[in-house]
Structures are given as structure tokens and as C-alpha cells.
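So the structure is just underneath, and the comments pick up after that.
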There are 2 protein chains.
Amino acid sequence: MDSSDIVVQLRAVQDLFIRRWGEMGQTWGINRTMAEIHALLYIAVEPCCTDDVMERLNISRGNTSMNLRALCDWGLIRRIHKRGERREFFESLSDVWEMFSIIAAERKRREMDPVLETIKQCQLMLNESSLGKAARQSAVQMTRQRLAGMEEFMAVTNKIFQQFIGNARGGLTRVVKVLLKAF
Amino acid sequence: MDSSDIVVQLRAVQDLFIRRWGEMGQTWGINRTMAEIHALLYIAVEPCCTDDVMERLNISRGNTSMNLRALCDWGLIRRIHKRGERREFFESLSDVWEMFSIIAAERKRREMDPVLETIKQCQLMLNESSLGKAARQSAVQMTRQRLAGMEEFMAVTNKIFQQFIGNARGGLTRVVKVLLKAF
DNA sequence: TCATTCTTTCAGTATTTTCTGAAAGGATAT
DNA sequence: ATATCCTTTCAGAAAATACTGAAAGAATGA
């Protein structure tokens with residue numbers, strides 16, 4: 001196989017990876033294009049500029065710009081300045097564990113914490129000092145039980161996320177090591 | 001507080017919970033209405049019929065029917081037949097760990113397994129028997145490294161999910177117990 | 001059988017999300 | 001200054017998703 005074949009084959013691999021990653025992102029509530037850009041920057045050998053991304057994924061300049069900015073805001077990619085180049089380049093973090101840690105932290109904060117807070121508020125609305133003796137009614141008791149079940153789940157999940165966060169630099173986290181050892 | 005106040009307060013609590021759960025579902029790639037129906041059935045004291053759901057969430061019969069069916073397909077809710085009643089009722093699983101286990105199993109199968117498979121396919125396309133000596137080029141090597149990093153992550157995540165699956169009946173899973181013990 | 005009651009389906013509509021392209025905004029070099 | 005090159009913004013267009021309501025389908029019972 002000669003050098004240009006290699007280029008073709010590398011592109012084919014990258015395209016496969018990018019497409020699949022985009023599909024997966026979608027079902028996890030991430031916009032497909034953003035996931036694809038991220039996949040491209042992760043799998044690309046060199047940092048890419050805006051035009052690279054546009055051409056590779058067939059999307060407009062505006063779309064590219066907005067999604068690159070969003071990925072920077074998340075902290076999943078970085079701007080790179082090359083000397084003698086006026087335009088900007090972008091590269092992805094290369095440590096998947098670190099990426100996961102960043103995402104976990106943000107989603108915990110944005111989505112799980114509010115749910116826990118709501119559950120606590122609900123529990124407050126159903127305790128004896130709010131309802132008096134009526135709090136002993138079975139309907140109230142049952143609701144309290146459901147809320148408690150959900151609270152336990154969210155609290156434990158939160159704790160696990162917490163273990164990932166800030167511990168991920170340089171590969172497997174402590175949580176994962178514990179798990180792999182245990183099973 | 002008298003009995004009708006209790007009803008009002010319970011409804012208020014349920015509404016709070018339902019709204020928050022719906023919002024959270026959305027950001028995890030689950031349609032808001034489906035998440036709300038599920039929340040309603042989880043927090044409701046009695047099983048609900050189609051009209052209960054329609055009235056409570058202000059949605060059409062068609063929408064209700066389709067989402068109830070989808071939740072049944074997932075296995076997160078069950079149909080209930082009451083004697084002497086012609087219409088059907090629905091209730092949610094009450095064990096949050098079991099619900100999570102079901103969701104984890106399905107998402108692993110639908111989303112993570114395909115990514116792992118794609119990565120393996122990519123690796124195959126870049127090994128020496130496909131590329132010959134050219135496989136030693138640094139661009140190829142770097143791509144292989146990235147694929148390996150992602151593969152390790154997905155494999156470990158898959159393994160963790162696997163531990164949740166089928167172990168959840170009756171509360172905390174083995175994974176969680178290990179984790180809580182360790183930290 | 002036919003009436004009644006409830007459920008499902010799905011074509012069309014509405015809503016939300018995403019994307020485009022052109023204009024405005026910056027930075028650097030001449 | 002002004003030309004060049006690149007980035008950002010955002011109003012409007014396009015696409016994807018979710019929802020409605022009415023008609024058809026099923027089950028039950030008289």
C-alpha cells in the first residue's frame with residue numbers, strides 16, 4: 001500500500017468513527033453536529049481549522065463557529081495558535097477519562113443537583129410540621145416512600161459522579177480501579 | 001389541615017416532581033412527555049388510566065396512548081386490569097434501582113455496543129495485515145492510540161453497566177455496595 | 001347481532017431544534 | 001488609512017420532533 005492509499009484509509013476510518021460518535025451523541029441529548037466535530041478533533045492527527053471542519057463535515061461556517069465555541073465552553077477542545085498562521089486551529093483533549101470527568105461534573109451540576117433539590121422540597125411539603133397528623137395518612141406515607149427511593153438513588157449516583165470528577169487526569173479514576181479490582 | 005387540603009398538597013408535590021423529572025429527561029435524550037408520564041405513574045399513589053394521564057398532563061389521547069405503549073415496551077411501567085373495569089390502568093415499577101437497570105441494559109445494547117464494534121472495525125482497518133509496513137507511519141500510529149484510548153473507556157464503562165444489569169432487584173446493586181464501602 | 005366503551009393508529013399540524021449565509025466585527029499587514 | 005483574512009452573530013429557512021384529533025380497531029356485554 002502506498003502513501004496516498006494510507007491517506008484514503010485513514011479518512012475512511014475517521015469517517016466511520018465520526019459518524020458513529022455523532023449518532024451516539026444524539027441519543028444522549030447532544031446535538032449531532034457538535035458530537036461529530038468533537039469526534040473529528042479527537043481522531044484527527046493534526047489540529048483543524050474552521051475550514052477543515054466545514055469541508056470535512058459539510059456544514060456551514062456559522063454552524064461550525066457556534067459549535068466550536070460551545071465545545072470550548074465545555075472545555076472539551078482547545079484553541080491553538082500556530083506561528084505564522086492567522087487563522088485559529090482546534091484540538092480535542094486526548095484523555096478520554098478527563099473528557100468524561102468534565103462532562104460528568106457539568107451534568108451533575110445542571111441536572112442531578114436540581115432534581116435532588118426538588119425532592120428535598122417535596123419532602124418538606126409532606127412532613128408533619130407542614131401537614132400535622134394528616135401526614136400519617138397512607139397516601140402521604142406512600143408518596144414519602146417513593147420520594148425516599150428516588151432520593152437514595154440520586155444521592156448514590158451523585159456520589160459516584162463525584163468520585164469521577166477531578167480524579168480523572170492521567171487515565172483510570174479511583175472509582176474505576178476499585179470496580180475493576182472488585183469484579 | 002383537613003382531608004381536602006391534603007389532596008391539594010399531594011397534588012402540588014406531585015406536580016413539582018413531575019415537572020422536574022420531565023425537564024431532566026429531556027436533557028438525557030428522553031422526550032419530555034414520556035418522562036412526565038413516567039414520573040406521574042411513579043409518584044401517584046394509585047394506578048392511573050389513560051384519562052387520568054390526559055387530564056393531569058394536558059395531553060391528547062393519541063399522545064398518551066403512544067407514550068404509555070413506549071414505556072411498557074421499555075418495561076418501566078405495567079398494565080393493570082382491575083376487576084369490573086373495562087379500561088386499563090398503568091403503574092410504574094417502584095424500585096428505582098430496577099428501573100435504572102432496565103434502562104442501562106437497553107442503552108448499553110443500543111448505543112455503547114455499536115460504538116465498541118465500530119472501534120474494533122476501525123482498528124482492523126489500520127492493522128499491519130491491512131496496511132502492510134505503512135501501518136508504522138506516525139499518523140496511523142497516532143490514530144491507533146486514539147482508538148485504543150476510546151476503546152478502553154467504552155470497555156470499562158460497559159463493564160460497569162453490566163454490573164448494574166440484572167443485579168438490581170431489591171435495592172442497591174453489588175457495584176454500588178462496593179463503591180459505598182470503598183469511599 | 002349490535003351498541004357501548006375503550007384503545008390504537010396515523011395523516012396532518014404545530015413546535016422545537018438546528019442550520020445557513022450574509023453582514024458585521026476584529027485583527028494584522030501594507 | 002485601507003485591504004486582507006478570518007471569526008462571530010443572528011434573522012430567516014429547513015429539518016427534525018412531538019402532538020392532535022378523528023377514524024378505525026378491539027373487546028365486552030346485552
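Ordered as shown in the C-alpha cells, chains take letters A, B, and onward, while each chain numbers its residues from 1 and ligands are numbered from 1 in the order shown.
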
Residue contacts of DA14 of chain C (12 Å, only C-alpha atoms (C1' of nucleotides)) excluding same-chain residues fewer than 4 positions away, as a ChimeraX atom specification: /D:17-20

Distance query Asn127 of chain A at most 10 Å, only C-alpha atoms (C1' of nucleotides), self and fewer than 5 positions along chain excluded, as a VMD selection string: chain A and resid 122 132 to 136 140 to 141 144

Identify, on the basis of only C-alpha atoms (C1' of nucleotides), every residue whose closest approach to Trp21 of chain B does not exceed 9 Å; exclude the query and any residue fewer than 6 positions from it along the same chain; express the result as a PDB file with N, CA and C atoms, in the first residue's frame.
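Done, and the output landed in result-v9.pdb:
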ATOM      1  N   VAL A 115     -32.641  18.071  40.635  1.00  0.00           N
ATOM      2  CA  VAL A 115     -33.620  17.039  40.964  1.00  0.00           C
ATOM      3  C   VAL A 115     -33.561  16.729  42.460  1.00  0.00           C
TER       4      VAL A 115
ATOM      5  N   ARG B  32     -39.914  14.768  26.669  1.00  0.00           N
ATOM      6  CA  ARG B  32     -40.388  15.331  27.928  1.00  0.00           C
ATOM      7  C   ARG B  32     -41.690  14.684  28.395  1.00  0.00           C
ATOM      8  N   ALA B  35     -41.200  11.265  29.862  1.00  0.00           N
ATOM      9  CA  ALA B  35     -40.620  11.359  31.204  1.00  0.00           C
ATOM     10  C   ALA B  35     -41.678  11.803  32.214  1.00  0.00           C
ATOM     11  N   GLU B  36     -42.541  12.721  31.810  1.00  0.00           N
ATOM     12  CA  GLU B  36     -43.574  13.203  32.728  1.00  0.00           C
ATOM     13  C   GLU B  36     -44.585  12.113  33.052  1.00  0.00           C
ATOM     14  N   HIS B  38     -44.052   8.990  33.034  1.00  0.00           N
ATOM     15  CA  HIS B  38     -43.391   8.048  33.924  1.00  0.00           C
ATOM     16  C   HIS B  38     -43.327   8.575  35.356  1.00  0.00           C
ATOM     17  N   ALA B  39     -42.991   9.853  35.463  1.00  0.00           N
ATOM     18  CA  ALA B  39     -42.927  10.468  36.792  1.00  0.00           C
ATOM     19  C   ALA B  39     -44.295  10.413  37.470  1.00  0.00           C
TER      20      ALA B  39
END

Top pick for closest residue to DT20 of chain C, considering A:Leu71, A:Leu10, A:Met54, A:Ile59 and counting only C-alpha atoms (C1' of nucleotides): A:Ile59

Distance filter 12 Å, only C-alpha atoms (C1' of nucleotides), chain B against chain D, as a ChimeraX atom specification: /B:29-34,58-67,84-88

Mind writing the picked residues with N, CA and C atoms as a PDB file, in the first residue's frame?
ATOM      1  N   GLY B  29     -32.019  12.991  26.475  1.00  0.00           N
ATOM      2  CA  GLY B  29     -32.457  12.377  25.226  1.00  0.00           C
ATOM      3  C   GLY B  29     -33.771  11.629  25.336  1.00  0.00           C
ATOM      4  N   ILE B  30     -34.552  11.961  26.376  1.00  0.00           N
ATOM      5  CA  ILE B  30     -35.866  11.331  26.510  1.00  0.00           C
ATOM      6  C   ILE B  30     -36.919  12.403  26.337  1.00  0.00           C
ATOM      7  N   ASN B  31     -37.914  12.089  25.550  1.00  0.00           N
ATOM      8  CA  ASN B  31     -38.970  13.051  25.273  1.00  0.00           C
ATOM      9  C   ASN B  31     -39.677  13.476  26.565  1.00  0.00           C
ATOM     10  N   ARG B  32     -39.914  14.768  26.669  1.00  0.00           N
ATOM     11  CA  ARG B  32     -40.388  15.331  27.928  1.00  0.00           C
ATOM     12  C   ARG B  32     -41.690  14.684  28.395  1.00  0.00           C
ATOM     13  N   THR B  33     -42.620  14.518  27.462  1.00  0.00           N
ATOM     14  CA  THR B  33     -43.906  13.945  27.837  1.00  0.00           C
ATOM     15  C   THR B  33     -43.766  12.530  28.375  1.00  0.00           C
ATOM     16  N   MET B  34     -42.934  11.759  27.742  1.00  0.00           N
ATOM     17  CA  MET B  34     -42.720  10.393  28.202  1.00  0.00           C
ATOM     18  C   MET B  34     -42.157  10.396  29.626  1.00  0.00           C
ATOM     19  N   ASN B  58     -52.458  17.326  30.590  1.00  0.00           N
ATOM     20  CA  ASN B  58     -52.958  18.136  29.482  1.00  0.00           C
ATOM     21  C   ASN B  58     -52.439  17.720  28.130  1.00  0.00           C
ATOM     22  N   ILE B  59     -52.546  16.455  27.827  1.00  0.00           N
ATOM     23  CA  ILE B  59     -52.092  15.993  26.520  1.00  0.00           C
ATOM     24  C   ILE B  59     -53.189  15.162  25.871  1.00  0.00           C
ATOM     25  N   SER B  60     -53.064  14.965  24.586  1.00  0.00           N
ATOM     26  CA  SER B  60     -54.124  14.297  23.826  1.00  0.00           C
ATOM     27  C   SER B  60     -54.138  12.794  24.064  1.00  0.00           C
ATOM     28  N   ARG B  61     -55.246  12.198  23.682  1.00  0.00           N
ATOM     29  CA  ARG B  61     -55.376  10.758  23.847  1.00  0.00           C
ATOM     30  C   ARG B  61     -54.314  10.002  23.052  1.00  0.00           C
ATOM     31  N   GLY B  62     -54.097  10.459  21.818  1.00  0.00           N
ATOM     32  CA  GLY B  62     -53.118   9.777  20.968  1.00  0.00           C
ATOM     33  C   GLY B  62     -51.730   9.798  21.566  1.00  0.00           C
ATOM     34  N   ASN B  63     -51.334  10.972  21.980  1.00  0.00           N
ATOM     35  CA  ASN B  63     -50.020  11.144  22.593  1.00  0.00           C
ATOM     36  C   ASN B  63     -49.884  10.239  23.819  1.00  0.00           C
ATOM     37  N   THR B  64     -50.913  10.254  24.641  1.00  0.00           N
ATOM     38  CA  THR B  64     -50.906   9.434  25.848  1.00  0.00           C
ATOM     39  C   THR B  64     -50.739   7.962  25.503  1.00  0.00           C
ATOM     40  N   SER B  65     -51.538   7.529  24.570  1.00  0.00           N
ATOM     41  CA  SER B  65     -51.515   6.114  24.204  1.00  0.00           C
ATOM     42  C   SER B  65     -50.137   5.700  23.697  1.00  0.00           C
ATOM     43  N   MET B  66     -49.561   6.542  22.834  1.00  0.00           N
ATOM     44  CA  MET B  66     -48.277   6.169  22.257  1.00  0.00           C
ATOM     45  C   MET B  66     -47.169   6.127  23.300  1.00  0.00           C
ATOM     46  N   ASN B  67     -47.185   7.098  24.203  1.00  0.00           N
ATOM     47  CA  ASN B  67     -46.121   7.131  25.205  1.00  0.00           C
ATOM     48  C   ASN B  67     -46.288   6.032  26.252  1.00  0.00           C
ATOM     49  N   GLY B  84     -63.966  -5.736  37.057  1.00  0.00           N
ATOM     50  CA  GLY B  84     -65.149  -4.898  36.932  1.00  0.00           C
ATOM     51  C   GLY B  84     -64.900  -3.593  36.190  1.00  0.00           C
ATOM     52  N   GLU B  85     -63.671  -3.372  35.761  1.00  0.00           N
ATOM     53  CA  GLU B  85     -63.328  -2.162  35.000  1.00  0.00           C
ATOM     54  C   GLU B  85     -63.014  -2.569  33.573  1.00  0.00           C
ATOM     55  N   ARG B  86     -63.566  -1.846  32.655  1.00  0.00           N
ATOM     56  CA  ARG B  86     -63.243  -2.199  31.288  1.00  0.00           C
ATOM     57  C   ARG B  86     -61.912  -1.571  30.867  1.00  0.00           C
ATOM     58  N   ARG B  87     -61.690  -0.351  31.333  1.00  0.00           N
ATOM     59  CA  ARG B  87     -60.463   0.324  30.865  1.00  0.00           C
ATOM     60  C   ARG B  87     -59.227  -0.181  31.603  1.00  0.00           C
ATOM     61  N   GLU B  88     -58.075   0.121  30.986  1.00  0.00           N
ATOM     62  CA  GLU B  88     -56.813  -0.347  31.546  1.00  0.00           C
ATOM     63  C   GLU B  88     -56.192   0.700  32.448  1.00  0.00           C
TER      64      GLU B  88
END

Quick one: which residues from chain B are at most 8 Å off chain A, using only C-alpha atoms, as a tab-separated table (two decimals) with C-alpha atoms, in the first residue's frame?
chain	number	residue	atom	x	y	z
B	1	MET	CA	-55.10	20.51	57.89
B	2	ASP	CA	-58.19	18.69	56.68
B	3	SER	CA	-58.54	15.96	54.15
B	6	ILE	CA	-54.05	17.07	51.92
B	9	GLN	CA	-50.83	19.44	48.90
B	10	LEU	CA	-50.22	15.99	47.45
B	13	VAL	CA	-45.90	17.82	45.43
B	16	LEU	CA	-43.33	19.66	41.25
B	17	PHE	CA	-41.79	16.24	40.95
B	20	ARG	CA	-38.60	18.47	37.28
B	21	TRP	CA	-38.36	14.90	36.11
B	24	MET	CA	-34.27	16.18	33.34
B	26	GLN	CA	-35.25	15.98	28.09
B	27	THR	CA	-31.57	16.69	28.57
B	28	TRP	CA	-30.85	12.96	28.60
B	29	GLY	CA	-32.46	12.38	25.23
B	30	ILE	CA	-35.87	11.33	26.51
B	42	TYR	CA	-44.10	6.65	39.81
B	43	ILE	CA	-45.32	9.26	42.23
B	44	ALA	CA	-49.06	8.55	42.00
B	45	VAL	CA	-50.49	6.56	44.84
B	94	SER	CA	-41.50	1.12	42.24
B	95	ASP	CA	-37.85	0.10	42.62
B	96	VAL	CA	-35.65	2.84	41.20
B	97	TRP	CA	-32.66	0.50	41.02
B	111	GLU	CA	-25.67	2.72	21.95
B	112	MET	CA	-22.48	1.55	23.56
B	114	PRO	CA	-22.33	-0.34	18.41
B	115	VAL	CA	-19.61	2.18	19.27
B	118	THR	CA	-17.15	0.45	15.24
B	119	ILE	CA	-13.90	1.00	17.11
B	122	CYS	CA	-11.54	0.85	12.72
B	125	MET	CA	-8.71	-1.30	9.05
B	126	LEU	CA	-5.45	0.05	10.44
B	131	LEU	CA	-1.83	-1.68	5.57
B	132	GLY	CA	1.47	-3.53	5.44
B	134	ALA	CA	2.77	1.62	6.14
B	139	ALA	CA	-0.24	9.26	11.51
B	140	VAL	CA	-1.51	5.71	11.64
B	142	MET	CA	-1.49	8.18	16.46
B	143	THR	CA	-4.91	7.22	15.20
B	146	ARG	CA	-6.76	7.46	20.00
B	147	LEU	CA	-8.89	4.49	19.13
B	149	GLY	CA	-8.00	5.25	24.44
B	150	MET	CA	-11.63	5.35	23.49
B	153	PHE	CA	-13.04	3.85	28.20
B	156	VAL	CA	-14.74	-0.21	31.26
B	160	ILE	CA	-19.75	-1.15	34.97
B	175	VAL	CA	-21.45	-2.30	42.32
B	176	VAL	CA	-22.93	0.37	44.48
B	178	VAL	CA	-18.63	-1.95	46.66
B	179	LEU	CA	-18.38	1.73	45.91
B	182	ALA	CA	-14.67	1.98	49.34

Sorted per-residue table, chain C near chain A, closest atoms and distance, 10 Å, only C-alpha atoms (C1' of nucleotides), as CSV:
residue,atom,partner,partner_atom,distance
C:DT17,C1',A:Asn31,CA,9.2
C:DT18,C1',A:Asn31,CA,8.4
C:DC19,C1',A:Asn63,CA,6.3
C:DT20,C1',A:Ser60,CA,6.2
C:DG21,C1',A:Ser60,CA,8.0
C:DA27,C1',A:Arg86,CA,8.9
C:DT28,C1',A:Arg86,CA,8.2

Interatomic distance (Å, one decimal) between atom CA of Phe161 of chain A and atom CA of Asp113 of chain A: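 Between these atoms lies a distance of 11.5 Å.
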
Sel. of strand (DSSP E) residues, chain A, as a VMD selection string: chain A and resid 48 to 49 77 to 81 88 to 92

Export, as a PDB file, in the first residue's frame, the selected residues with C-alpha atoms.
ATOM      1  CA  CYS A  48      -8.082  21.500  12.438  1.00  0.00           C
ATOM      2  CA  CYS A  49      -9.065  24.999  11.384  1.00  0.00           C
ATOM      3  CA  ILE A  77     -11.480  21.260  22.929  1.00  0.00           C
ATOM      4  CA  ARG A  78      -8.857  24.000  22.904  1.00  0.00           C
ATOM      5  CA  ARG A  79      -7.905  26.830  20.552  1.00  0.00           C
ATOM      6  CA  ILE A  80      -4.397  26.536  19.122  1.00  0.00           C
ATOM      7  CA  HIS A  81      -2.420  29.377  17.604  1.00  0.00           C
ATOM      8  CA  GLU A  88      -7.119  29.530  14.576  1.00  0.00           C
ATOM      9  CA  PHE A  89      -6.839  25.808  14.994  1.00  0.00           C
ATOM     10  CA  PHE A  90      -8.614  23.494  17.364  1.00  0.00           C
ATOM     11  CA  GLU A  91      -7.669  20.265  19.049  1.00  0.00           C
ATOM     12  CA  SER A  92      -9.510  17.952  21.389  1.00  0.00           C
TER      13      SER A  92
END
